[in-house]
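One structure is given below, encoded as structure tokens.
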Amino acid sequence: MAKPRVGILFGGRSGEHEVSLLSAASVLNAIDKTKYEVVPIGITKEGHWVTAEHAERLLKGEAADRSVRPTEEKHLRAGDPEATPGAAVLATGEAAVVPPEPAHRDAGLAPFQTDASALRRAADRAINVDVIFPVLHGTFGEDGTIQGLLELADIAYVGAGVLGSAAGMDKDIMKSLFRDAGLPIVKHVTVLRGQWERAPKKVQKLVENKLKYPVFVKPANLGSSVGISKAHDRTELGPSIEEAAKFDRKIVIEEGVGGKKHRAREIECSVLGNDDPKASVAGEIIPCKEFYDYDAKYLVEGSEAVIPAKITKAEMKTVQKLAIAAFQAVDCKGLARVDFLMEPGVQKKSRKIFVNEINTMPGFTAISMYPKLWAASGVSYPELIDRLIQLGIERHADKKRNQYSR
Ligand SMILES: Nc1ncnc2c1ncn2[C@@H]1O[C@H](COP(=O)(O)OP(=O)(O)O)[C@@H](O)[C@H]1O
Ligand SMILES: [Mg+2]
């Protein structure tokens with residue numbers, strides 16, 4: 001039997017393009033090549049789809065090695081060309097096109113046309129893949145758009161579907177679903193950009209009536225802390241909203257956990273599965289800055305990951321239970337990392353734990369939190385990739401059982 005062909009999608013138009021290159025290089029390096037045939041497919045920052053022979057270099061992990069060696073925990077710098085050999089593929093690869101229509105398959109294969117101008121000659125230029133691993137973060141990768149394209153093309157893929165991806169991307173909708181499922185969330189207010197522009201005083205009142213400073217101001221749809229600020233008082237509220245409004249028409253404002261004097265503890269938990277998801281041990285991130293902003297995530301060294309998190313057994317259980325419930329609340333599939341904010345305080349005293357957000361395609365280098373939490377729970381990185389591919393295939397097969405008309 002032929003090996004299943006796995007398309008690894010990487011890059012993309014989001015602000016997390018570089019992070020995706022790092023994640024994909026790691027996946028390409030670790031995926032079991034005795035079991036799968038691998039087809040790397042890049043998306044440039046401009047949105048062109050490319051593939052290339054010399055993407056083979058990525059597969060061998062030649063230049064990628066240094067960024068993925070687990071013993072040498074180098075802090076991954078976004079945009080670091082040495083750590084992101086995928087950039088070369090994006091610069092020189094041939095164009096590829098995914099037609100948004102189901103392929104006429106033999107043996108369940110779906111074609112990609114590698115020459116944009118030759119859709120008519122598709123057959124002789126086709127690359128067949130059985131399943132796609134969209135190693136894409138953020139906008140157009142994690143928000144349901146690429147998932148929609150893959151649904152139209154009827155290709156199996158790793159991770160959440162259209163709804164789960166879109167819901168997990170939108171912090172406002174996500175919170176509604178969490179609240180509906182009875183999960184503890186931080187007090188918040190959602191305002192529209194237009195509402196702020198028309199009546200800033202009214203918005204300020206709305207915020208101050210419901211929340212205490214400091215507040216966190218966030219664009220509803222983004223990631224990597226881009227556009228997020230902590231407003232310590234009224235004078236900082238306006239500029240924070242203006243900043244968030246550059247990135248989205250919907251702005252989420254929420255009360256800062258930890259209050260004026262302390263910082264929230266940041267607990268993260270990995271979830272894996274489809275209809276019967278399991279949670280890993282939880283870990284803790286200790287940011288090197290006042291909060292876990294873009295710089296602390298990708299640019300400056302010093303943020304720390306503690307695995308397992310130093311919390312009580314009961315708290316660990318709670319976090320794991322909430323992580324699975326959050327996964328189900330947004331109808332997630334395959335994988336997700338669920339992030340929590342916890343009140344600081346002395347152990348054993350009750351400290352509140354809030355579900356902050358779900359990431360449906362979390363950072364996925366071998367040393368990223370999602371795989372590290374699974375490694376600490378007994379699932380190795382290559383095994384994790386294998387399980388995710390299988391889950392994607394299973395989900396696709398399950399969907400195939402649905403009738404679309406009677
Ligand atoms: N309500 C809050 N209280 C305390 N810290 C917060 C709060 N909301 C966000 N933060 C800080 O901001 C960071 C980024 O916020 P988050 O909602 O996780 O956005 P992103 O999707 O960009 O990661 C968090 O990791 C945390 O450090
Ligand atoms: Mg976050």
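By convention in this document, the chains of the structure tokens carry letters A, B, ... by their order, each chain's residues are numbered from 1, and ligands are numbered from 1 in the order they are shown.
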Please produce, as a Markdown table, a per-residue contact table for chain A versus ligand 2 (criterion: any atom at most 7 Å away, only C-alpha atoms and all ligand atoms considered), showing the nearest atom pair and its distance in Å to one decimal, sorted by chain then residue number.
| residue | atom | partner | partner_atom_place_in_ligand_line | distance |
| --- | --- | --- | --- | --- |
| A:Gly223 | CA | ligand 2 | 1 (Mg) | 6.8 |
| A:Ser224 | CA | ligand 2 | 1 (Mg) | 6.4 |
| A:Ser225 | CA | ligand 2 | 1 (Mg) | 6.5 |
| A:Asp339 | CA | ligand 2 | 1 (Mg) | 6.6 |
| A:Glu357 | CA | ligand 2 | 1 (Mg) | 6.5 |
Item to check | Test item: residues no farther than 6 Å from ligand 1, counting only C-alpha atoms and all ligand atoms, as a PyMOL selection string | outcome: chain A and resi 216+223-226+254-257+264+291-293
Please write the residues from the selection above to a file, keeping N, CA and C atoms, as a JSON list (two decimals), in the first residue's frame.
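Final file, result-v9.json:
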[["chain", "number", "residue", "atom", "x", "y", "z"],
["A", 216, "PHE", "N", -7.37, 45.05, 30.28],
["A", 216, "PHE", "CA", -6.65, 44.65, 29.07],
["A", 216, "PHE", "C", -7.54, 44.93, 27.86],
["A", 223, "GLY", "N", -3.83, 37.58, 17.40],
["A", 223, "GLY", "CA", -3.11, 36.65, 18.27],
["A", 223, "GLY", "C", -1.73, 37.20, 18.52],
["A", 224, "SER", "N", -0.93, 36.42, 19.23],
["A", 224, "SER", "CA", 0.45, 36.83, 19.53],
["A", 224, "SER", "C", 0.53, 38.15, 20.27],
["A", 225, "SER", "N", -0.55, 38.51, 20.94],
["A", 225, "SER", "CA", -0.60, 39.75, 21.73],
["A", 225, "SER", "C", -0.52, 41.02, 20.88],
["A", 226, "VAL", "N", -0.61, 40.89, 19.57],
["A", 226, "VAL", "CA", -0.55, 42.07, 18.71],
["A", 226, "VAL", "C", -1.78, 42.96, 18.98],
["A", 254, "GLU", "N", -11.19, 43.78, 29.06],
["A", 254, "GLU", "CA", -11.48, 42.92, 30.21],
["A", 254, "GLU", "C", -10.67, 43.29, 31.44],
["A", 255, "GLU", "N", -11.23, 42.92, 32.59],
["A", 255, "GLU", "CA", -10.59, 43.26, 33.85],
["A", 255, "GLU", "C", -9.27, 42.49, 33.99],
["A", 256, "GLY", "N", -8.26, 43.18, 34.47],
["A", 256, "GLY", "CA", -6.96, 42.54, 34.66],
["A", 256, "GLY", "C", -6.97, 41.63, 35.87],
["A", 257, "VAL", "N", -6.66, 40.36, 35.65],
["A", 257, "VAL", "CA", -6.56, 39.42, 36.77],
["A", 257, "VAL", "C", -5.29, 39.76, 37.55],
["A", 264, "ALA", "N", -1.34, 38.25, 36.86],
["A", 264, "ALA", "CA", -2.03, 36.96, 36.77],
["A", 264, "ALA", "C", -0.98, 35.87, 36.57],
["A", 291, "PHE", "N", 3.35, 41.81, 31.13],
["A", 291, "PHE", "CA", 2.45, 40.73, 30.71],
["A", 291, "PHE", "C", 3.07, 40.05, 29.50],
["A", 292, "TYR", "N", 2.42, 39.00, 29.01],
["A", 292, "TYR", "CA", 3.00, 38.18, 27.95],
["A", 292, "TYR", "C", 2.71, 38.84, 26.60],
["A", 293, "ASP", "N", 3.43, 39.91, 26.31],
["A", 293, "ASP", "CA", 3.20, 40.65, 25.07],
["A", 293, "ASP", "C", 4.05, 40.07, 23.94]]
Next on the checklist: So the first atom is atom CA of A:Phe10 and the second is atom CA of A:Asp154; what is the distance between them in Å, to one decimal place?
Outcome noted: 19.3 Å
Checklist entry - Got a sec: who's within 6 Å of A:Ala329, counting only C-alpha atoms, leaving out chain neighbours fewer than 3 positions off, as a ChimeraX atom specification? => result /A:177,325-326
Save out the residues we just selected, N, CA, C and O atoms, as a CSV table (one decimal), in the first residue's frame.
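Result went into out_3.csv, see below:
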chain,number,residue,atom,x,y,z
A,177,LEU,N,-19.4,31.6,24.1
A,177,LEU,CA,-19.5,30.1,24.1
A,177,LEU,C,-19.0,29.5,25.4
A,177,LEU,O,-19.6,28.6,26.0
A,325,ALA,N,-13.5,21.1,28.6
A,325,ALA,CA,-14.8,21.7,28.4
A,325,ALA,C,-14.7,22.9,27.4
A,325,ALA,O,-15.6,23.1,26.6
A,326,ALA,N,-13.6,23.6,27.5
A,326,ALA,CA,-13.4,24.8,26.6
A,326,ALA,C,-13.3,24.3,25.1
A,326,ALA,O,-13.8,24.9,24.2
Checklist entry - Which one of A:Asn359, A:Thr139, A:Asn274, A:Ser405 sits closest to A:Gly334 if you count only C-alpha atoms? => result A:Asn274
Checklist entry - Could you pull the residues within 12 Å of stretch 182-188 of chain A, counting only C-alpha atoms, minus those fewer than 4 positions along the same chain, as a count of residues only? => result 53
Next on the checklist: Please return, as a VMD selection string, all residues of stretch 320-359 of chain A that DSSP assigns to strand (DSSP E or B) on the basis of the backbone.
Outcome noted: chain A and resid 334 to 342 353 to 359
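The interatomic distance for the pair atom CA of A:Arg193 and atom CA of A:Lys45 works out to 26.3 Å.
Residues within 8 Å of stretch 313-316 of chain A, counting only C-alpha atoms and excluding same-chain residues fewer than 3 positions away, are Val281, Ala282, Val319 and Gln320 of chain A.
The coordinates place atom CA of A:Asp248 at 27.3 Å from atom CA of A:Ala24.
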